[in-house]
file upload29.cif (mmCIF, C-alpha atoms)
data_work
loop_
_atom_site.label_atom_id
_atom_site.label_comp_id
_atom_site.auth_asym_id
_atom_site.auth_seq_id
_atom_site.Cartn_x
_atom_site.Cartn_y
_atom_site.Cartn_z
CA VAL A 1 -11.88 -8.39 -5.64
CA ARG A 2 -13.59 -11.61 -6.71
CA GLU A 3 -11.46 -11.96 -9.84
CA VAL A 4 -8.12 -11.32 -8.09
CA ALA A 5 -9.04 -13.73 -5.24
CA ALA A 6 -6.05 -12.67 -3.14
CA ASP A 7 -5.17 -14.27 0.18
CA VAL A 8 -4.02 -10.87 1.43
CA LEU A 9 -5.78 -7.81 0.02
CA CYS A 10 -4.77 -4.24 0.85
CA ILE A 11 -7.46 -1.59 0.56
CA VAL A 12 -7.27 2.12 -0.23
CA GLU A 13 -10.08 4.63 0.41
CA ALA A 14 -12.33 2.67 2.76
CA ASP A 15 -14.70 4.71 4.92
CA ASP A 16 -14.07 2.87 8.18
CA ARG A 17 -13.78 -0.65 9.55
CA ASN A 18 -17.56 -1.12 9.86
CA ALA A 19 -18.04 -0.22 6.20
CA LEU A 20 -15.23 -2.58 5.21
CA LYS A 21 -16.77 -5.36 7.30
CA ARG A 22 -20.14 -4.84 5.61
CA PHE A 23 -18.53 -4.82 2.17
CA ASN A 24 -16.82 -8.09 3.04
CA ALA A 25 -19.87 -9.79 4.58
CA GLU A 26 -22.67 -8.44 2.39
CA VAL A 27 -21.35 -7.19 -0.96
CA LEU A 28 -18.75 -9.82 -1.84
CA PRO A 29 -21.17 -12.79 -1.57
CA ARG A 30 -23.69 -11.03 -3.84
CA VAL A 31 -21.19 -11.11 -6.71
CA GLY A 32 -19.94 -14.62 -6.01
CA GLY A 33 -16.93 -13.59 -3.94
CA ILE A 34 -15.76 -15.35 -0.80
CA PRO A 35 -15.71 -13.16 2.32
CA TYR A 36 -12.39 -12.74 4.10
CA ASP A 37 -11.71 -14.03 7.60
CA HIS A 38 -9.88 -10.99 8.93
CA VAL A 39 -10.88 -7.35 8.34
CA MET A 40 -8.85 -4.48 9.76
CA LEU A 41 -8.65 -0.74 9.27
CA ILE A 42 -6.98 1.93 11.40
CA ASP A 43 -8.56 5.39 11.24
CA GLY A 44 -6.18 7.79 9.52
CA ASN A 45 -5.70 11.54 9.42
CA ASP A 46 -8.17 12.35 6.62
CA ASP A 47 -11.49 13.55 8.03
CA ARG A 48 -13.25 12.42 4.84
CA GLY A 49 -12.80 8.82 6.00
CA ILE A 50 -10.68 7.56 3.09
CA ASP A 51 -8.48 5.17 4.98
CA VAL A 52 -6.19 2.24 4.18
CA GLY A 53 -7.08 -1.25 5.39
CA ILE A 54 -6.49 -4.94 4.89
CA LEU A 55 -8.43 -8.16 4.33
CA THR A 56 -6.82 -11.57 4.83
CA ARG A 57 -7.85 -15.22 4.50
CA ASN A 58 -7.76 -17.89 7.15
CA GLY A 59 -4.13 -18.97 7.50
CA PHE A 60 -2.90 -15.38 7.10
CA PRO A 61 -3.79 -13.73 10.42
CA ILE A 62 -2.75 -10.20 11.30
CA LYS A 63 -0.07 -10.66 13.93
CA SER A 64 0.59 -7.00 14.67
CA MET A 65 -0.28 -3.49 13.52
CA ILE A 66 1.58 -0.20 13.75
CA SER A 67 0.06 3.16 12.82
CA HIS A 68 2.05 6.22 11.78
CA VAL A 69 -0.73 8.81 12.03
CA HIS A 70 1.26 10.71 14.66
CA ASP A 71 4.56 10.78 12.75
CA ARG A 72 5.88 14.33 12.47
CA ASP A 73 8.88 16.13 11.02
CA THR A 74 9.97 19.75 11.25
CA THR A 75 7.08 20.78 8.99
CA GLY A 76 4.33 18.94 10.87
CA THR A 77 2.23 15.80 10.50
CA ILE A 78 3.60 13.66 7.70
CA PHE A 79 0.86 11.33 6.49
CA SER A 80 -2.37 12.51 4.87
CA ARG A 81 -3.96 9.17 5.77
CA ASP A 82 -1.49 6.72 7.33
CA CYS A 83 1.39 4.39 6.62
CA ALA A 84 -0.19 1.37 8.29
CA GLU A 85 2.12 -1.56 9.03
CA TYR A 86 0.62 -5.05 9.05
CA LEU A 87 2.72 -8.10 9.96
CA ILE A 88 1.32 -11.30 8.42
CA PRO A 89 2.63 -14.75 9.45
CA LEU A 90 3.14 -17.05 6.46
CA PRO A 91 2.46 -20.81 6.46
CA ALA A 92 6.17 -21.65 6.22
CA GLY A 93 6.92 -19.76 9.44
CA GLU A 94 8.15 -16.52 7.86
CA HIS A 95 6.46 -13.12 8.05
CA LEU A 96 5.28 -10.69 5.39
CA LEU A 97 5.39 -7.02 6.39
CA LEU A 98 3.09 -4.67 4.49
CA LEU A 99 3.37 -0.87 4.57
CA VAL A 100 0.02 0.29 3.18
CA ASN A 101 -0.10 3.90 1.97
CA HIS A 102 -2.20 6.55 0.30
CA PHE A 103 -0.06 9.62 -0.38
CA LYS A 104 -1.20 13.21 -0.80
CA SER A 105 -3.13 13.81 -4.03
CA LYS A 106 -2.24 16.39 -6.66
CA GLY A 107 -5.45 18.28 -5.92
CA PHE A 108 -6.41 20.50 -2.99
CA GLY A 109 -3.54 22.95 -2.77
CA SER A 110 -0.69 24.17 -4.93
CA GLN A 111 1.39 21.74 -6.95
CA ALA A 112 4.49 22.75 -5.00
CA SER A 113 2.92 22.06 -1.62
CA SER A 114 1.43 18.75 -2.80
CA ASN A 115 4.77 17.64 -4.22
CA LYS A 116 6.56 18.54 -1.00
CA LYS A 117 4.02 16.60 1.06
CA ARG A 118 4.45 13.46 -1.05
CA GLU A 119 8.21 13.80 -0.84
CA ARG A 120 8.05 13.99 2.96
CA GLN A 121 5.79 10.94 2.97
CA ALA A 122 8.05 8.96 0.65
CA THR A 123 11.08 9.86 2.76
CA ARG A 124 9.42 8.70 5.97
CA VAL A 125 8.21 5.44 4.38
CA ARG A 126 11.74 4.76 3.14
CA ASP A 127 13.07 5.29 6.66
CA VAL A 128 10.46 2.92 8.14
CA TYR A 129 11.24 0.36 5.46
CA GLN A 130 14.96 0.52 6.14
CA GLN A 131 14.40 0.30 9.89
CA ARG A 132 12.32 -2.86 9.50
CA LEU A 133 14.96 -4.41 7.23
CA ASP A 134 17.59 -3.67 9.85
CA GLU A 135 15.36 -5.25 12.50
CA GLY A 136 15.30 -8.53 10.57
CA HIS A 137 12.20 -8.38 8.36
CA PRO A 138 13.40 -9.32 4.84
CA LEU A 139 9.98 -9.77 3.20
CA ILE A 140 8.50 -6.28 2.91
CA ALA A 141 6.12 -4.61 0.48
CA VAL A 142 5.43 -0.89 0.28
CA LEU A 143 2.15 -0.56 -1.53
CA GLY A 144 -0.85 1.61 -2.25
CA ASP A 145 -1.79 4.77 -4.08
CA LEU A 146 1.30 7.00 -4.10
CA ASN A 147 -0.43 9.58 -6.33
CA ASP A 148 2.55 10.26 -8.59
CA VAL A 149 4.46 8.75 -11.49
CA PRO A 150 7.69 6.73 -11.05
CA ASP A 151 10.03 9.38 -12.45
CA SER A 152 8.64 12.17 -10.27
CA ALA A 153 10.86 13.97 -7.81
CA PRO A 154 8.59 13.32 -4.79
CA LEU A 155 8.83 9.54 -5.18
CA LYS A 156 12.61 9.39 -5.62
CA PRO A 157 13.20 8.23 -2.02
CA LEU A 158 11.26 5.04 -2.88
CA VAL A 159 11.80 4.47 -6.60
CA GLY A 160 14.97 6.45 -7.31
CA ASN A 161 18.46 5.07 -7.94
CA GLY A 162 19.24 5.01 -4.23
CA SER A 163 16.37 2.65 -3.40
CA ASP A 164 16.53 -1.15 -3.53
CA LEU A 165 12.73 -1.49 -3.72
CA ILE A 166 11.51 -3.22 -6.88
CA ASP A 167 8.25 -2.21 -8.58
CA VAL A 168 6.23 -5.31 -9.39
CA MET A 169 5.40 -3.80 -12.81
CA ALA A 170 9.12 -3.87 -13.64
CA HIS A 171 9.51 -7.49 -12.52
CA PRO A 172 10.31 -10.14 -15.17
CA GLN A 173 7.28 -12.17 -14.05
CA PHE A 174 4.88 -9.25 -14.59
CA THR A 175 2.49 -9.72 -17.52
CA GLY A 176 1.45 -6.37 -18.94
CA ASP A 177 -1.00 -5.22 -21.61
CA ASP A 178 1.11 -2.42 -23.11
CA ARG A 179 -0.54 0.11 -20.80
CA PRO A 180 1.97 1.49 -18.28
CA GLY A 181 -0.61 3.13 -16.00
CA THR A 182 -2.70 1.69 -13.21
CA HIS A 183 -5.58 4.18 -13.10
CA GLY A 184 -8.22 5.29 -15.59
CA ASN A 185 -7.29 4.30 -19.14
CA GLY A 186 -3.79 3.17 -18.17
CA THR A 187 -1.69 5.94 -19.69
CA LYS A 188 1.82 6.70 -18.42
CA SER A 189 0.55 9.70 -16.43
CA ALA A 190 -1.91 7.38 -14.66
CA LYS A 191 0.75 5.18 -13.07
CA ILE A 192 0.01 6.05 -9.45
CA ASP A 193 -0.51 2.66 -7.74
CA TYR A 194 2.40 0.53 -6.61
CA ILE A 195 3.60 -2.71 -5.09
CA LEU A 196 7.23 -2.03 -4.23
CA MET A 197 9.07 -5.08 -2.94
CA SER A 198 12.21 -5.69 -0.94
CA PRO A 199 14.82 -7.73 -2.86
CA ALA A 200 14.03 -10.88 -0.84
CA LEU A 201 10.31 -10.56 -1.55
CA SER A 202 10.95 -9.86 -5.23
CA GLU A 203 12.74 -13.19 -5.51
CA ARG A 204 9.51 -14.97 -4.51
CA VAL A 205 7.37 -13.52 -7.32
CA THR A 206 6.02 -16.17 -9.71
CA ALA A 207 3.39 -14.07 -11.56
CA ALA A 208 1.91 -10.57 -11.50
CA GLY A 209 -0.45 -8.39 -13.48
CA ILE A 210 -3.21 -5.78 -13.30
CA GLU A 211 -6.90 -6.72 -13.15
CA ARG A 212 -8.63 -4.05 -15.25
#
call {"tool": "encode", "arguments": {"input": "upload29.cif", "output": "structure tokens"}}
result
Amino acid sequence: VREVAADVLCIVEADDRNALKRFNAEVLPRVGGIPYDHVMLIDGNDDRGIDVGILTRNGFPIKSMISHVHDRDTTGTIFSRDCAEYLIPLPAGEHLLLLVNHFKSKGFGSQASSNKKRERQATRVRDVYQQRLDEGHPLIAVLGDLNDVPDSAPLKPLVGNGSDLIDVMAHPQFTGDDRPGTHGNGTKSAKIDYILMSPALSERVTAAGIER
């Protein structure tokens, strides 16, 4: 966190808001990091307390939040944790909309059921993304741990040929290290973390990379 020094930092697998506040106020300064001004986390559907949250600097307040913990389809509750929406005003008067996710893992259940759950989650996130575009929010990022590789069937609603979302790792301004993955030792099978950008947001990218 100290090395990346982001103005807006999305978090995956935080216990709760109090734990995130303590991490921000007590742990970051001990390693030379600067605490964030805004700390938010909405409790999700996982009773283990592995939720998604956000930290932002002064000048990037959280204008609004929308939780999708109650979203359902014909099968039942969609999100294992949440698809938390955070609307962040930008200094130039625009807004950045973040859809922070942590999809179903490949453990705890059969592969078929896990795949189906991630597919339902990806489909719902795509629908939310498209709805927000239609409502007039051009700068959108879908990001987090999607727990699957880019060419998997469950993620096709977000990264397939029918999606206009752009993976930051495929962006011309991305600087890689010849490791395609984001987790563990960076192998192809460990590409599970994403920043997927709307076309308008993709045009703003000046640099990107992975802090390992």
call {"tool": "resolve_selection", "arguments": {"input": "upload29.cif", "expression": "the PyMOL selection byres ((chain A and resi 10-25) around 9)", "output": "ChimeraX atom specification"}}
result
/A:8-9,26-29,33-36,39-43,48-56,98,100-102,143-145
call {"tool": "resolve_selection", "arguments": {"input": "upload29.cif", "expression": "the PyMOL selection byres ((chain A and resi 62) around 9)", "output": "list in words"}}
result
His38, Met40, Thr56, Phe60, Pro61, Lys63, Ser64, Met65, Tyr86, Leu87, Ile88 and Pro89 of chain A
call {"tool": "axis_aligned_box", "arguments": {"input": "upload29.cif", "around": "range 60-76 of chain A", "padding_each_side": "8 Å", "output": "JSON"}}
result
{"center_x": 3.1, "center_y": 2.7, "center_z": 10.9, "size_x": 29.8, "size_y": 52.2, "size_z": 23.6}
call {"tool": "closest_residue", "arguments": {"input": "upload29.cif", "among": "A:Leu90, A:Val168, A:Ala153, A:Cys83", "to": "Asp127 in chain A", "atoms": "only C-alpha atoms"}}
result
A:Cys83
call {"tool": "residues_around", "arguments": {"input": "upload29.cif", "residues": "Asp177 in chain A", "least_positions_apart": "5", "cutoff": "12 Å", "atoms": "all atoms listed in the file", "output": "ChimeraX atom specification"}}
result
/A:169,182,185-187,208-212
call {"tool": "residues_around", "arguments": {"input": "upload29.cif", "residues": "Lys191 in chain A", "least_positions_apart": "4", "cutoff": "10 Å", "atoms": "only C-alpha atoms", "output": "list in words"}}
result
Asp145, Leu146, Asn147, Asp148, Val149, Pro150, Arg179, Pro180, Gly181, Thr182, His183, Gly184, Gly186 and Thr187 of chain A
call {"tool": "atom_distance", "arguments": {"input": "upload29.cif", "atom1": "CA of His171 in chain A", "atom2": "CA of Ser202 in chain A"}}
result
7.8 Å
call {"tool": "resolve_selection", "arguments": {"input": "upload29.cif", "expression": "the PyMOL selection byres ((chain A and resi 70-81) around 7)", "output": "compact mmCIF listing (two decimals) with C-alpha atoms, in the frame of the given file"}}
result
# COMPACT_ATOMS: atom_id res chain seq x y z
CA GLY A 44 -6.18 7.79 9.52
CA ASN A 45 -5.70 11.54 9.42
CA ASP A 46 -8.17 12.35 6.62
CA ASP A 51 -8.48 5.17 4.98
CA HIS A 68 2.05 6.22 11.78
CA VAL A 69 -0.73 8.81 12.03
CA ASP A 82 -1.49 6.72 7.33
CA CYS A 83 1.39 4.39 6.62
CA HIS A 102 -2.20 6.55 0.30
CA PHE A 103 -0.06 9.62 -0.38
CA LYS A 104 -1.20 13.21 -0.80
CA ARG A 120 8.05 13.99 2.96
CA GLN A 121 5.79 10.94 2.97
call {"tool": "build_atoms", "arguments": {"input": "upload29.cif", "residues": "range 49-60 of chain A", "atoms": "all heavy atoms", "output": "mmCIF file, in the frame of the given file"}}
result
data_model
loop_
_atom_site.group_PDB
_atom_site.id
_atom_site.type_symbol
_atom_site.label_atom_id
_atom_site.label_comp_id
_atom_site.auth_asym_id
_atom_site.auth_seq_id
_atom_site.Cartn_x
_atom_site.Cartn_y
_atom_site.Cartn_z
ATOM 1 N N GLY A 49 -12.641 10.254 5.814
ATOM 2 C CA GLY A 49 -12.800 8.820 6.000
ATOM 3 C C GLY A 49 -12.373 8.022 4.784
ATOM 4 O O GLY A 49 -13.076 7.113 4.335
ATOM 5 N N ILE A 50 -11.223 8.352 4.203
ATOM 6 C CA ILE A 50 -10.680 7.560 3.090
ATOM 7 C C ILE A 50 -9.379 6.928 3.599
ATOM 8 O O ILE A 50 -8.299 7.444 3.411
ATOM 9 C CB ILE A 50 -10.472 8.397 1.809
ATOM 10 C CG1 ILE A 50 -9.702 9.690 2.094
ATOM 11 C CG2 ILE A 50 -11.806 8.718 1.172
ATOM 12 C CD1 ILE A 50 -9.341 10.460 0.824
ATOM 13 N N ASP A 51 -9.564 5.799 4.259
ATOM 14 C CA ASP A 51 -8.480 5.170 4.980
ATOM 15 C C ASP A 51 -7.931 3.945 4.251
ATOM 16 O O ASP A 51 -8.529 3.451 3.289
ATOM 17 C CB ASP A 51 -8.967 4.741 6.375
ATOM 18 C CG ASP A 51 -9.408 5.931 7.216
ATOM 19 O OD1 ASP A 51 -8.689 6.943 7.206
ATOM 20 O OD2 ASP A 51 -10.455 5.841 7.871
ATOM 21 N N VAL A 52 -6.784 3.456 4.725
ATOM 22 C CA VAL A 52 -6.190 2.240 4.180
ATOM 23 C C VAL A 52 -6.481 1.085 5.131
ATOM 24 O O VAL A 52 -6.482 1.253 6.352
ATOM 25 C CB VAL A 52 -4.667 2.393 3.963
ATOM 26 C CG1 VAL A 52 -4.386 3.459 2.922
ATOM 27 C CG2 VAL A 52 -3.945 2.734 5.260
ATOM 28 N N GLY A 53 -6.757 -0.092 4.570
ATOM 29 C CA GLY A 53 -7.080 -1.250 5.390
ATOM 30 C C GLY A 53 -6.561 -2.526 4.774
ATOM 31 O O GLY A 53 -5.821 -2.505 3.778
ATOM 32 N N ILE A 54 -6.981 -3.645 5.345
ATOM 33 C CA ILE A 54 -6.490 -4.940 4.890
ATOM 34 C C ILE A 54 -7.528 -6.022 5.132
ATOM 35 O O ILE A 54 -8.270 -5.986 6.126
ATOM 36 C CB ILE A 54 -5.150 -5.287 5.588
ATOM 37 C CG1 ILE A 54 -4.495 -6.505 4.955
ATOM 38 C CG2 ILE A 54 -5.347 -5.472 7.082
ATOM 39 C CD1 ILE A 54 -3.078 -6.758 5.452
ATOM 40 N N LEU A 55 -7.606 -6.964 4.200
ATOM 41 C CA LEU A 55 -8.430 -8.160 4.330
ATOM 42 C C LEU A 55 -7.522 -9.369 4.132
ATOM 43 O O LEU A 55 -6.709 -9.377 3.204
ATOM 44 C CB LEU A 55 -9.542 -8.193 3.269
ATOM 45 C CG LEU A 55 -10.476 -6.988 3.170
ATOM 46 C CD1 LEU A 55 -11.376 -7.126 1.945
ATOM 47 C CD2 LEU A 55 -11.332 -6.872 4.416
ATOM 48 N N THR A 56 -7.656 -10.381 4.987
ATOM 49 C CA THR A 56 -6.820 -11.570 4.830
ATOM 50 C C THR A 56 -7.657 -12.828 5.022
ATOM 51 O O THR A 56 -8.667 -12.834 5.733
ATOM 52 C CB THR A 56 -5.632 -11.598 5.813
ATOM 53 O OG1 THR A 56 -6.107 -11.815 7.144
ATOM 54 C CG2 THR A 56 -4.839 -10.306 5.756
ATOM 55 N N ARG A 57 -7.193 -13.914 4.392
ATOM 56 C CA ARG A 57 -7.850 -15.220 4.500
ATOM 57 C C ARG A 57 -7.405 -15.950 5.763
ATOM 58 O O ARG A 57 -6.395 -15.611 6.380
ATOM 59 C CB ARG A 57 -7.500 -16.070 3.279
ATOM 60 C CG ARG A 57 -7.921 -15.474 1.954
ATOM 61 C CD ARG A 57 -9.333 -15.816 1.633
ATOM 62 N NE ARG A 57 -9.715 -15.329 0.317
ATOM 63 C CZ ARG A 57 -10.923 -14.847 0.031
ATOM 64 N NH1 ARG A 57 -11.845 -14.783 0.983
ATOM 65 N NH2 ARG A 57 -11.216 -14.426 -1.183
ATOM 66 N N ASN A 58 -8.155 -16.988 6.084
ATOM 67 C CA ASN A 58 -7.760 -17.890 7.150
ATOM 68 C C ASN A 58 -6.387 -18.480 6.806
ATOM 69 O O ASN A 58 -6.140 -18.881 5.681
ATOM 70 C CB ASN A 58 -8.786 -19.008 7.303
ATOM 71 C CG ASN A 58 -8.528 -19.848 8.532
ATOM 72 O OD1 ASN A 58 -7.980 -19.381 9.519
ATOM 73 N ND2 ASN A 58 -8.925 -21.112 8.469
ATOM 74 N N GLY A 59 -5.501 -18.516 7.763
ATOM 75 C CA GLY A 59 -4.130 -18.970 7.500
ATOM 76 C C GLY A 59 -3.172 -17.809 7.336
ATOM 77 O O GLY A 59 -1.957 -17.998 7.314
ATOM 78 N N PHE A 60 -3.721 -16.589 7.205
ATOM 79 C CA PHE A 60 -2.900 -15.380 7.100
ATOM 80 C C PHE A 60 -3.400 -14.351 8.115
ATOM 81 O O PHE A 60 -3.892 -13.279 7.746
ATOM 82 C CB PHE A 60 -2.950 -14.804 5.687
ATOM 83 C CG PHE A 60 -2.410 -15.739 4.637
ATOM 84 C CD1 PHE A 60 -3.255 -16.643 4.001
ATOM 85 C CD2 PHE A 60 -1.067 -15.734 4.306
ATOM 86 C CE1 PHE A 60 -2.760 -17.513 3.035
ATOM 87 C CE2 PHE A 60 -0.569 -16.601 3.345
ATOM 88 C CZ PHE A 60 -1.420 -17.498 2.713
#
